$ cat model.txt   # compact mmCIF, C-alpha atoms and all ligand atoms
# COMPACT_ATOMS: atom_id res chain seq x y z
CA MET A 1156 5.40 22.24 -9.22
CA LYS A 1157 3.95 20.33 -6.32
CA SER A 1158 5.02 21.48 -2.85
CA LEU A 1159 3.79 20.68 0.66
CA ILE A 1160 2.81 23.88 2.43
CA ASP A 1161 -0.33 22.74 4.28
CA ILE A 1162 -1.28 19.17 5.19
CA LEU A 1163 -4.44 19.62 3.08
CA ASP A 1164 -2.23 19.89 -0.02
CA LEU A 1165 -2.22 16.09 0.21
CA THR A 1166 -5.40 14.11 -0.45
CA THR A 1167 -6.23 11.26 1.92
CA GLU A 1168 -5.28 8.87 -0.90
CA GLU A 1169 -1.86 10.53 -1.14
CA LEU A 1170 -1.46 10.22 2.64
CA ASP A 1171 -2.25 6.50 2.36
CA GLU A 1172 0.41 6.21 -0.36
CA LEU A 1173 3.00 8.00 1.80
CA ILE A 1174 2.23 5.67 4.69
CA ALA A 1175 2.57 2.64 2.40
CA THR A 1176 5.92 3.94 1.13
CA ALA A 1177 7.13 4.63 4.69
CA GLU A 1178 6.16 1.09 5.72
CA ASP A 1179 8.03 -0.28 2.71
CA ILE A 1180 11.11 1.81 3.61
CA ILE A 1181 10.96 0.41 7.17
CA ALA A 1182 10.74 -3.14 5.81
CA ASN A 1183 13.26 -2.80 2.94
CA PRO A 1184 15.61 0.16 3.57
CA SER A 1185 18.26 -1.04 1.10
CA LYS A 1186 15.76 -0.77 -1.76
CA TYR A 1187 15.78 3.01 -1.29
CA ALA A 1188 19.46 3.58 -0.52
CA GLU A 1189 20.26 5.00 -3.98
CA ALA A 1190 16.87 6.49 -4.85
CA CYS A 1191 18.02 10.13 -4.67
CA ARG A 1192 21.63 9.67 -5.80
CA GLY A 1193 22.98 12.98 -7.11
CA LYS A 1194 20.05 15.05 -5.76
CA LYS A 1195 20.40 17.82 -3.19
CA LEU A 1196 18.09 18.93 -0.41
CA ALA A 1197 18.32 22.55 0.75
CA SER A 1198 17.72 22.60 4.48
CA LEU A 1199 16.82 26.20 5.37
CA PHE A 1200 16.14 26.62 9.08
CA PHE A 1201 15.60 30.18 10.22
CA GLU A 1202 14.29 28.99 13.62
CA PRO A 1203 15.66 26.48 16.15
CA SER A 1204 15.15 22.81 15.37
CA THR A 1205 16.64 19.45 16.33
CA ARG A 1206 14.24 16.78 15.06
CA THR A 1207 12.76 18.36 11.98
CA ARG A 1208 16.06 19.52 10.51
CA MET A 1209 18.02 16.40 11.41
CA SER A 1210 15.26 14.08 10.23
CA PHE A 1211 15.06 15.83 6.84
CA GLU A 1212 18.82 15.62 6.51
CA ALA A 1213 18.98 11.98 7.69
CA ALA A 1214 16.09 11.19 5.31
CA MET A 1215 17.96 12.63 2.31
CA TYR A 1216 21.19 10.85 3.23
CA GLU A 1217 19.36 7.54 3.66
CA LEU A 1218 17.96 8.01 0.15
CA GLY A 1219 21.51 8.40 -1.16
CA GLY A 1220 21.16 12.16 -1.69
CA ASN A 1221 23.07 15.15 -0.34
CA VAL A 1222 22.18 18.14 1.80
CA ILE A 1223 23.27 21.77 1.89
CA SER A 1224 21.96 23.93 4.65
CA VAL A 1225 21.40 27.28 6.27
CA THR A 1226 20.88 27.19 10.02
CA GLY A 1227 19.86 30.38 11.79
CA ALA A 1228 18.91 33.62 10.08
CA GLY A 1229 22.14 35.22 11.28
CA THR A 1230 24.37 33.16 8.98
CA SER A 1231 22.60 33.73 5.66
CA SER A 1232 21.80 36.78 3.53
CA ALA A 1233 18.49 37.04 5.40
CA ALA A 1234 20.62 38.93 7.95
CA LYS A 1235 21.47 41.46 5.20
CA GLY A 1236 17.79 41.98 4.45
CA GLU A 1237 17.28 39.55 1.57
CA SER A 1238 13.64 38.66 0.99
CA VAL A 1239 12.29 35.13 1.28
CA ALA A 1240 11.34 35.35 -2.43
CA ASP A 1241 14.90 36.12 -3.53
CA THR A 1242 16.30 33.41 -1.29
CA ALA A 1243 13.88 30.93 -2.91
CA LYS A 1244 14.99 31.89 -6.42
CA THR A 1245 18.65 31.59 -5.41
CA VAL A 1246 18.35 28.25 -3.66
CA SER A 1247 16.50 26.86 -6.71
CA CYS A 1248 19.75 27.34 -8.68
CA TYR A 1249 21.72 25.05 -6.39
CA THR A 1250 19.42 22.28 -5.18
CA ASP A 1251 16.51 20.01 -6.17
CA ILE A 1252 14.13 20.34 -3.21
CA ILE A 1253 13.77 22.77 -0.29
CA ALA A 1254 12.74 22.21 3.33
CA ILE A 1255 12.19 25.57 5.03
CA ARG A 1256 11.38 26.59 8.59
CA HIS A 1257 10.73 30.27 9.19
CA PRO A 1258 9.28 32.36 12.05
CA LYS A 1259 6.80 34.15 9.74
CA GLU A 1260 3.44 32.61 8.90
CA GLY A 1261 3.21 32.24 5.12
CA ALA A 1262 6.99 32.17 4.50
CA ALA A 1263 6.87 28.63 3.07
CA TYR A 1264 4.05 29.67 0.74
CA VAL A 1265 6.08 32.63 -0.55
CA THR A 1266 9.06 30.33 -1.01
CA ALA A 1267 6.98 27.89 -3.07
CA LYS A 1268 5.60 30.75 -5.21
CA ASN A 1269 9.13 31.86 -6.08
CA ALA A 1270 11.08 28.61 -6.21
CA THR A 1271 11.38 26.49 -9.35
CA ILE A 1272 11.76 23.28 -7.29
CA PRO A 1273 9.43 21.58 -4.75
CA VAL A 1274 9.19 23.23 -1.33
CA ILE A 1275 8.34 21.58 1.97
CA ASN A 1276 7.06 23.64 4.89
CA ALA A 1277 9.03 22.61 7.97
CA GLY A 1278 7.03 25.02 10.17
CA ASP A 1279 5.92 28.59 9.47
CA GLY A 1280 5.54 30.61 12.66
CA GLY A 1281 2.47 29.65 14.69
CA HIS A 1282 0.62 28.60 11.54
CA CYS A 1283 1.26 24.99 10.52
CA HIS A 1284 3.74 22.13 10.40
CA PRO A 1285 2.58 19.51 7.91
CA THR A 1286 5.56 17.14 8.13
CA GLN A 1287 5.14 16.84 11.89
CA THR A 1288 1.60 15.75 11.07
CA LEU A 1289 3.03 13.09 8.74
CA ALA A 1290 5.02 11.79 11.73
CA ASP A 1291 1.88 11.95 13.88
CA LEU A 1292 -0.22 10.12 11.29
CA LEU A 1293 2.23 7.24 10.84
CA THR A 1294 2.37 6.92 14.64
CA ILE A 1295 -1.43 6.88 14.95
CA TRP A 1296 -1.61 4.36 12.10
CA ARG A 1297 0.96 2.04 13.64
CA GLU A 1298 -0.47 2.32 17.17
CA LYS A 1299 -4.20 2.32 16.43
CA GLY A 1300 -4.47 0.75 12.98
CA ARG A 1301 -7.04 3.34 11.92
CA PHE A 1302 -7.70 7.07 11.46
CA THR A 1303 -11.42 6.83 12.23
CA ASN A 1304 -13.63 6.75 15.33
CA LEU A 1305 -10.99 8.17 17.66
CA THR A 1306 -11.34 10.57 20.57
CA ILE A 1307 -8.32 12.78 20.23
CA GLY A 1308 -7.26 14.90 23.19
CA VAL A 1309 -4.94 17.77 22.35
CA CYS A 1310 -3.42 19.43 25.39
CA GLY A 1311 -1.30 22.51 26.11
CA ASP A 1312 -0.64 25.48 23.86
CA LEU A 1313 -3.35 25.11 21.25
CA LYS A 1314 -3.09 28.75 20.21
CA PHE A 1315 0.52 28.95 19.07
CA GLY A 1316 1.15 25.21 18.62
CA ARG A 1317 1.41 24.86 14.84
CA THR A 1318 1.55 21.06 15.02
CA VAL A 1319 -1.89 21.09 16.65
CA HIS A 1320 -3.41 23.14 13.82
CA SER A 1321 -2.10 20.74 11.17
CA LEU A 1322 -3.15 17.66 13.15
CA ILE A 1323 -6.71 18.96 13.56
CA ASN A 1324 -6.88 19.64 9.82
CA ALA A 1325 -5.63 16.16 8.99
CA MET A 1326 -7.78 14.17 11.41
CA SER A 1327 -10.92 16.16 10.58
CA ARG A 1328 -11.03 14.46 7.19
CA TYR A 1329 -11.78 11.02 8.65
CA GLU A 1330 -15.12 9.65 9.84
CA GLY A 1331 -16.18 9.47 13.45
CA ASN A 1332 -13.36 11.42 15.10
CA ARG A 1333 -13.98 13.71 18.05
CA PHE A 1334 -11.64 16.32 19.53
CA VAL A 1335 -11.16 17.22 23.18
CA LEU A 1336 -9.29 20.52 23.27
CA ILE A 1337 -7.55 20.95 26.63
CA SER A 1338 -5.84 24.27 27.31
CA PRO A 1339 -5.76 27.31 29.57
CA GLU A 1340 -8.32 29.97 28.54
CA GLU A 1341 -5.57 32.13 26.99
CA LEU A 1342 -4.19 29.33 24.82
CA LYS A 1343 -7.31 27.98 23.13
CA VAL A 1344 -7.36 26.85 19.49
CA PRO A 1345 -7.57 29.95 17.22
CA SER A 1346 -11.08 30.75 16.04
CA TYR A 1347 -10.10 30.23 12.37
CA VAL A 1348 -9.28 26.60 13.11
CA LYS A 1349 -12.56 26.15 14.98
CA LYS A 1350 -14.68 27.90 12.35
CA ASP A 1351 -13.01 26.83 9.12
CA VAL A 1352 -12.23 23.26 10.12
CA LEU A 1353 -14.17 21.86 13.07
CA GLN A 1354 -17.45 23.73 12.69
CA GLN A 1355 -17.45 23.76 8.92
CA LYS A 1356 -16.96 20.00 8.77
CA GLY A 1357 -19.35 19.32 11.66
CA ILE A 1358 -16.65 17.63 13.75
CA PRO A 1359 -17.70 17.17 17.38
CA TYR A 1360 -15.38 18.91 19.86
CA VAL A 1361 -15.32 20.15 23.41
CA GLN A 1362 -13.05 22.72 25.00
CA THR A 1363 -11.94 22.28 28.58
CA THR A 1364 -9.25 23.37 31.00
CA ASP A 1365 -9.44 20.11 32.95
CA LEU A 1366 -7.24 17.28 31.65
CA MET A 1367 -8.11 14.87 34.45
CA ALA A 1368 -11.84 15.17 33.84
CA VAL A 1369 -11.49 13.95 30.25
CA MET A 1370 -8.61 11.49 30.60
CA PRO A 1371 -10.78 8.30 30.67
CA GLU A 1372 -12.39 9.14 27.28
CA LEU A 1373 -9.22 9.59 25.27
CA ASP A 1374 -7.82 7.23 22.62
CA ILE A 1375 -4.99 9.63 21.83
CA LEU A 1376 -3.45 12.27 24.07
CA TYR A 1377 -1.36 14.77 22.09
CA MET A 1378 0.65 16.84 24.58
CA THR A 1379 2.36 20.08 23.53
CA ARG A 1380 4.89 22.57 24.87
CA VAL A 1381 3.87 26.12 25.73
CA GLN A 1382 5.47 28.05 22.85
CA ARG A 1383 7.60 30.56 24.73
CA GLU A 1384 9.03 32.17 21.57
CA ARG A 1385 5.58 33.27 20.39
CA PHE A 1386 4.57 35.03 23.62
CA PHE A 1387 4.54 38.79 23.82
CA ASN A 1388 5.69 38.85 27.41
CA GLU A 1389 7.65 36.55 29.67
CA GLU A 1390 5.28 36.93 32.63
CA ASP A 1391 2.42 35.32 30.73
CA TYR A 1392 4.71 32.50 29.67
CA LEU A 1393 5.89 31.89 33.24
CA ARG A 1394 2.31 31.85 34.49
CA LEU A 1395 1.12 29.38 31.84
CA LYS A 1396 4.12 27.17 31.19
CA ASP A 1397 3.30 24.46 33.74
CA SER A 1398 -0.47 24.39 33.21
CA TYR A 1399 -0.33 20.67 32.41
CA ILE A 1400 2.22 18.15 33.59
CA LEU A 1401 1.42 14.56 32.67
CA THR A 1402 2.58 12.14 35.37
CA VAL A 1403 2.35 8.38 35.90
CA ASP A 1404 -0.26 9.02 38.58
CA LYS A 1405 -2.48 11.05 36.25
CA LEU A 1406 -2.51 8.18 33.74
CA LYS A 1407 -4.25 5.85 36.23
CA THR A 1408 -7.69 6.65 34.82
CA ALA A 1409 -6.58 6.54 31.17
CA LYS A 1410 -7.47 3.76 28.73
CA SER A 1411 -5.03 0.85 28.64
CA ASP A 1412 -4.54 1.41 24.90
CA LEU A 1413 -4.19 5.20 25.04
CA ALA A 1414 -1.46 6.51 22.69
CA ILE A 1415 0.48 9.43 24.18
CA LEU A 1416 2.03 11.64 21.50
CA HIS A 1417 4.13 14.81 21.69
CA PRO A 1418 5.87 16.53 18.76
CA LEU A 1419 8.81 17.33 21.10
CA PRO A 1420 10.79 19.14 22.39
CA ARG A 1421 9.38 18.39 25.83
CA VAL A 1422 10.05 20.99 28.49
CA ASN A 1423 8.09 20.05 31.58
CA GLU A 1424 4.73 18.85 30.31
CA ILE A 1425 5.43 15.11 30.46
CA SER A 1426 7.24 13.71 33.47
CA VAL A 1427 10.26 11.62 32.46
CA ALA A 1428 8.82 8.66 34.40
CA VAL A 1429 6.00 8.45 31.81
CA ASP A 1430 8.60 7.46 29.18
CA ASP A 1431 8.62 3.92 30.60
CA ASP A 1432 4.87 3.53 30.14
CA PRO A 1433 4.12 1.41 27.04
CA ARG A 1434 1.54 4.03 26.05
CA ALA A 1435 4.27 6.67 25.54
CA CYS A 1436 4.81 6.91 21.77
CA TYR A 1437 6.74 10.17 21.39
CA PHE A 1438 10.15 8.68 20.64
CA LYS A 1439 8.62 6.27 18.13
CA GLN A 1440 7.01 9.36 16.63
CA VAL A 1441 10.49 10.88 16.11
CA LEU A 1442 11.62 7.86 14.09
CA ASN A 1443 8.35 7.73 12.17
CA GLY A 1444 8.97 11.35 11.15
CA LYS A 1445 12.16 10.37 9.35
CA TYR A 1446 10.44 7.62 7.37
CA MET A 1447 7.56 9.88 6.36
CA ARG A 1448 9.98 12.60 5.27
CA MET A 1449 11.82 10.01 3.15
CA ALA A 1450 8.51 9.03 1.56
CA LEU A 1451 7.63 12.69 0.97
CA ILE A 1452 10.98 13.59 -0.61
CA LEU A 1453 10.63 10.60 -2.95
CA LYS A 1454 7.10 11.59 -3.94
CA LEU A 1455 7.89 15.25 -4.63
CA LEU A 1456 11.10 14.53 -6.56
CA LYS A 1457 9.29 11.90 -8.64
CA GLU A 1458 6.49 14.31 -9.45
CA ALA A 1459 9.05 16.95 -10.40
CA GLY A 1460 10.60 14.47 -12.84
CA GLN A 1461 13.88 14.51 -10.91
CA ILE A 1462 13.97 10.82 -10.05
CA LYS A 1463 12.31 7.69 -11.44
C1 LIG A 1501 7.41 21.45 17.05
C2 LIG A 1501 7.52 22.75 16.26
O1 LIG A 1501 8.62 23.15 15.87
O2 LIG A 1501 6.46 23.32 16.03
N1 LIG A 1501 8.63 20.76 17.09
C3 LIG A 1501 8.89 19.87 16.09
O3 LIG A 1501 9.06 20.24 14.96
N2 LIG A 1501 8.90 18.57 16.39
C4 LIG A 1501 6.81 21.61 18.39
C5 LIG A 1501 7.44 22.58 19.33
O4 LIG A 1501 8.43 23.24 19.02
O5 LIG A 1501 6.92 22.68 20.44
$ encode --input "model.txt" --output "structure tokens" --more "lines below"
Ligand code: NCD
Amino acid sequence: MKSLIDILDLTTEELDELIATAEDIIANPSKYAEACRGKKLASLFFEPSTRTRMSFEAAMYELGGNVISVTGAGTSSAAKGESVADTAKTVSCYTDIIAIRHPKEGAAYVTAKNATIPVINAGDGGHCHPTQTLADLLTIWREKGRFTNLTIGVCGDLKFGRTVHSLINAMSRYEGNRFVLISPEELKVPSYVKKDVLQQKGIPYVQTTDLMAVMPELDILYMTRVQRERFFNEEDYLRLKDSYILTVDKLKTAKSDLAILHPLPRVNEISVAVDDDPRACYFKQVLNGKYMRMALILKLLKEAGQIK
């Protein structure tokens, strides 16, 4: 049973296919309006979410399917001590595909091991978030027209930011890309990402604390929120939370075709005035996420023999 736990579960050819399907959905939405008629998505969110949960649910509805959901660990049998494995077996009896977000790294993997239906990782702790990367990739594709020869700046909480880890994995598979990793010392990219991805693949990267010094080089600037919920103490969070605030003024030295991305939610790291800059792509990214999740649900349900 094919599931999506890590972005690398998809080959680059499969990513191209998902992008082609998403583009076709954008162009011809009515063609897909009945594609998942009679099928059910289980939306299991054991951590807060606005975009990811709602976009999965909107995606399934726009494919003509239905959704049943758990929101918040407190309202399901997880609160009684049920294991993720037992939940997976149970949910497989009621639905056709699962999207799960969970605070523990590896929870989506355990779900997929125990479910009899496809599982989609909607974020597992500070580990990874492959469907956010699908949203990011469609945005990069639509803005830049390529996945190669890009200087990609990633800024903010690179330690706990799971979207960053998945994006680095995804973009490291294409030729000629270079990463500029911008963070406070304490929030650098984990060494496993550096060693197993960047160094192993020979991808050029630099680490810096200085956003302004690197701004003119960037083709993409991927801003992120400092992940308060993963900190061990509030003092560290308060000290680091405003390390980077992107303003209109700071963009003066940026390329005219820079693409500014952010997985959202934004707290303080992009000034609201930047939203009016044509280089701001983060709300387009939200919409792109829905189309890519539609394409993904179609692909996984087709492969599972659930739809034609
Ligand atoms: C991200 C997440 O949950 O990791 N949000 C999202 O899904 N778009 C980023 C974040 O919470 O900062």
$ atom_distance --input "model.txt" --atom1 "atom CA of Cys1191 of chain A" --atom2 "atom C3 of ligand LIG 1501 (chain A)"
24.7 Å
$ residues_around --input "model.txt" --residues "segment 1205-1213 of chain A" --least-positions-apart "5" --cutoff "10 Å" --atoms "all atoms listed in the file" --output "ChimeraX atom specification"
/A:1196-1200,1218-1224,1226,1254-1256,1277-1278,1284,1286-1287,1418-1420,1441-1449,1451-1452
$ axis_aligned_box --input "model.txt" --around "segment 1402-1414 of chain A" --padding-each-side "5 Å" --output "lines of an AutoDock Vina configuration file"
center_x = -2.6
center_y = 6.5
center_z = 30.6
size_x = 20.3
size_y = 21.3
size_z = 25.9
$ closest_residue --input "model.txt" --among "A:Cys1283, A:Leu1159, A:Ala1182, A:Ala1228" --to "ligand LIG 1501 (chain A)" --atoms "all atoms listed in the file"
A:Cys1283
$ closest_residue --input "model.txt" --among "A:Glu1217, A:Glu1340, A:Glu1424, A:Glu1372" --to "ligand LIG 1501 (chain A)" --atoms "only C-alpha atoms and all ligand atoms"
A:Glu1424
$ closest_atom_pairs --input "model.txt" --of "segment 1290-1371 of chain A" --to "segment 1378-1385 of chain A" --cutoff "10 Å" --atoms "only C-alpha atoms" --output "JSON lines"
{"residue": "A:Gly1308", "atom": "CA", "partner": "A:Met1378", "partner_atom": "CA", "distance": 8.3}
{"residue": "A:Val1309", "atom": "CA", "partner": "A:Met1378", "partner_atom": "CA", "distance": 6.1}
{"residue": "A:Cys1310", "atom": "CA", "partner": "A:Met1378", "partner_atom": "CA", "distance": 4.9}
{"residue": "A:Gly1311", "atom": "CA", "partner": "A:Thr1379", "partner_atom": "CA", "distance": 5.1}
{"residue": "A:Asp1312", "atom": "CA", "partner": "A:Val1381", "partner_atom": "CA", "distance": 4.9}
{"residue": "A:Leu1313", "atom": "CA", "partner": "A:Thr1379", "partner_atom": "CA", "distance": 7.9}
{"residue": "A:Lys1314", "atom": "CA", "partner": "A:Gln1382", "partner_atom": "CA", "distance": 9.0}
{"residue": "A:Phe1315", "atom": "CA", "partner": "A:Gln1382", "partner_atom": "CA", "distance": 6.3}
{"residue": "A:Gly1316", "atom": "CA", "partner": "A:Gln1382", "partner_atom": "CA", "distance": 6.7}
{"residue": "A:Arg1317", "atom": "CA", "partner": "A:Gln1382", "partner_atom": "CA", "distance": 9.5}
{"residue": "A:Thr1318", "atom": "CA", "partner": "A:Thr1379", "partner_atom": "CA", "distance": 8.6}
{"residue": "A:Val1319", "atom": "CA", "partner": "A:Thr1379", "partner_atom": "CA", "distance": 8.1}
{"residue": "A:Ile1337", "atom": "CA", "partner": "A:Met1378", "partner_atom": "CA", "distance": 9.4}
{"residue": "A:Ser1338", "atom": "CA", "partner": "A:Thr1379", "partner_atom": "CA", "distance": 10.0}
{"residue": "A:Leu1342", "atom": "CA", "partner": "A:Val1381", "partner_atom": "CA", "distance": 8.7}
$ residues_around --input "model.txt" --residues "Leu1453 of chain A" --least-positions-apart "2" --cutoff "10 Å" --atoms "all atoms listed in the file" --output "list of chain:residue names"
A:Leu1173, A:Thr1176, A:Tyr1187, A:Ala1190, A:Cys1191, A:Ala1214, A:Met1215, A:Leu1218, A:Met1447, A:Arg1448, A:Met1449, A:Ala1450, A:Leu1451, A:Leu1455, A:Leu1456, A:Lys1457, A:Glu1458, A:Ala1459, A:Gln1461, A:Ile1462, A:Lys1463
$ closest_residue --input "model.txt" --among "A:Ser1185, A:Thr1245, A:Gln1440, A:Ser1346" --to "ligand LIG 1501 (chain A)" --atoms "all atoms listed in the file"
A:Gln1440
$ residues_around --input "model.txt" --residues "Thr1271 of chain A" --least-positions-apart "4" --cutoff "9 Å" --atoms "all atoms listed in the file" --output "PDB file with C-alpha atoms, in the coordinates of the input"
ATOM      1  CA  MET A1156       5.400  22.240  -9.220  1.00  0.00           C
ATOM      2  CA  ALA A1243      13.880  30.930  -2.910  1.00  0.00           C
ATOM      3  CA  LYS A1244      14.990  31.890  -6.420  1.00  0.00           C
ATOM      4  CA  SER A1247      16.500  26.860  -6.710  1.00  0.00           C
ATOM      5  CA  CYS A1248      19.750  27.340  -8.680  1.00  0.00           C
ATOM      6  CA  ASP A1251      16.510  20.010  -6.170  1.00  0.00           C
ATOM      7  CA  ALA A1267       6.980  27.890  -3.070  1.00  0.00           C
TER       8      ALA A1267
END
$ atom_distance --input "model.txt" --atom1 "atom CA of Lys1343 of chain A" --atom2 "atom CA of Lys1439 of chain A"
27.4 Å
$ closest_residue --input "model.txt" --among "A:Ala1177, A:Gly1236, A:Thr1230, A:Gln1362" --to "Leu1293 of chain A" --atoms "only C-alpha atoms"
A:Ala1177
$ atom_distance --input "model.txt" --atom1 "atom O5 of ligand LIG 1501 (chain A)" --atom2 "atom CA of Pro1339 of chain A"
16.3 Å
$ residues_around --input "model.txt" --residues "Ala1435 of chain A" --least-positions-apart "4" --cutoff "10 Å" --atoms "all atoms listed in the file" --output "list in words"
Leu1376, Leu1413, Ala1414, Ile1415, Leu1416, His1417, Ile1425, Val1429, Asp1430, Asp1431, Lys1439 and Gln1440 of chain A
$ residues_around --input "model.txt" --residues "Ala1263 of chain A" --least-positions-apart "5" --cutoff "7 Å" --atoms "only C-alpha atoms" --output "mmCIF file with C-alpha atoms, in the coordinates of the input"
data_model
loop_
_atom_site.group_PDB
_atom_site.id
_atom_site.type_symbol
_atom_site.label_atom_id
_atom_site.label_comp_id
_atom_site.auth_asym_id
_atom_site.auth_seq_id
_atom_site.Cartn_x
_atom_site.Cartn_y
_atom_site.Cartn_z
ATOM 1 C CA ILE A 1160 2.810 23.880 2.430
ATOM 2 C CA ILE A 1255 12.190 25.570 5.030
ATOM 3 C CA ASN A 1276 7.060 23.640 4.890
ATOM 4 C CA ASP A 1279 5.920 28.590 9.470
#
$ closest_residue --input "model.txt" --among "A:Thr1363, A:Ser1321, A:Asn1332, A:Ser1232" --to "ligand LIG 1501 (chain A)" --atoms "all atoms listed in the file"
A:Ser1321
$ closest_residue --input "model.txt" --among "A:Asp1179, A:Asp1291, A:Asp1241, A:Glu1168" --to "ligand LIG 1501 (chain A)" --atoms "only C-alpha atoms and all ligand atoms"
A:Asp1291
$ decode --input "model.txt" --residues "segment 1178-1189 of chain A" --atoms "N, CA and C atoms" --output "tab-separated table (two decimals), in the first residue's frame"
chain	number	residue	atom	x	y	z
A	1178	GLU	N	-2.14	21.08	-12.25
A	1178	GLU	CA	-2.38	22.10	-13.29
A	1178	GLU	C	-3.65	21.79	-14.07
A	1179	ASP	N	-3.91	20.50	-14.30
A	1179	ASP	CA	-5.13	20.12	-15.01
A	1179	ASP	C	-6.37	20.40	-14.15
A	1180	ILE	N	-6.23	20.16	-12.84
A	1180	ILE	CA	-7.36	20.45	-11.92
A	1180	ILE	C	-7.65	21.96	-11.94
A	1181	ILE	N	-6.60	22.77	-11.94
A	1181	ILE	CA	-6.77	24.23	-11.95
A	1181	ILE	C	-7.49	24.64	-13.24
A	1182	ALA	N	-7.10	24.01	-14.35
A	1182	ALA	CA	-7.68	24.39	-15.65
A	1182	ALA	C	-9.10	23.82	-15.85
A	1183	ASN	N	-9.33	22.60	-15.35
A	1183	ASN	CA	-10.62	21.91	-15.60
A	1183	ASN	C	-11.19	21.32	-14.31
A	1184	PRO	N	-11.58	22.15	-13.34
A	1184	PRO	CA	-12.01	21.58	-12.05
A	1184	PRO	C	-13.21	20.64	-12.17
A	1185	SER	N	-14.11	20.91	-13.11
A	1185	SER	CA	-15.35	20.11	-13.20
A	1185	SER	C	-15.06	18.66	-13.59
A	1186	LYS	N	-13.94	18.46	-14.29
A	1186	LYS	CA	-13.54	17.11	-14.70
A	1186	LYS	C	-13.29	16.20	-13.49
A	1187	TYR	N	-12.97	16.82	-12.36
A	1187	TYR	CA	-12.58	16.04	-11.18
A	1187	TYR	C	-13.66	16.01	-10.09
A	1188	ALA	N	-14.78	16.68	-10.37
A	1188	ALA	CA	-15.77	16.93	-9.30
A	1188	ALA	C	-16.42	15.66	-8.74
A	1189	GLU	N	-16.34	14.55	-9.49
A	1189	GLU	CA	-16.96	13.30	-9.02
A	1189	GLU	C	-15.91	12.20	-8.82
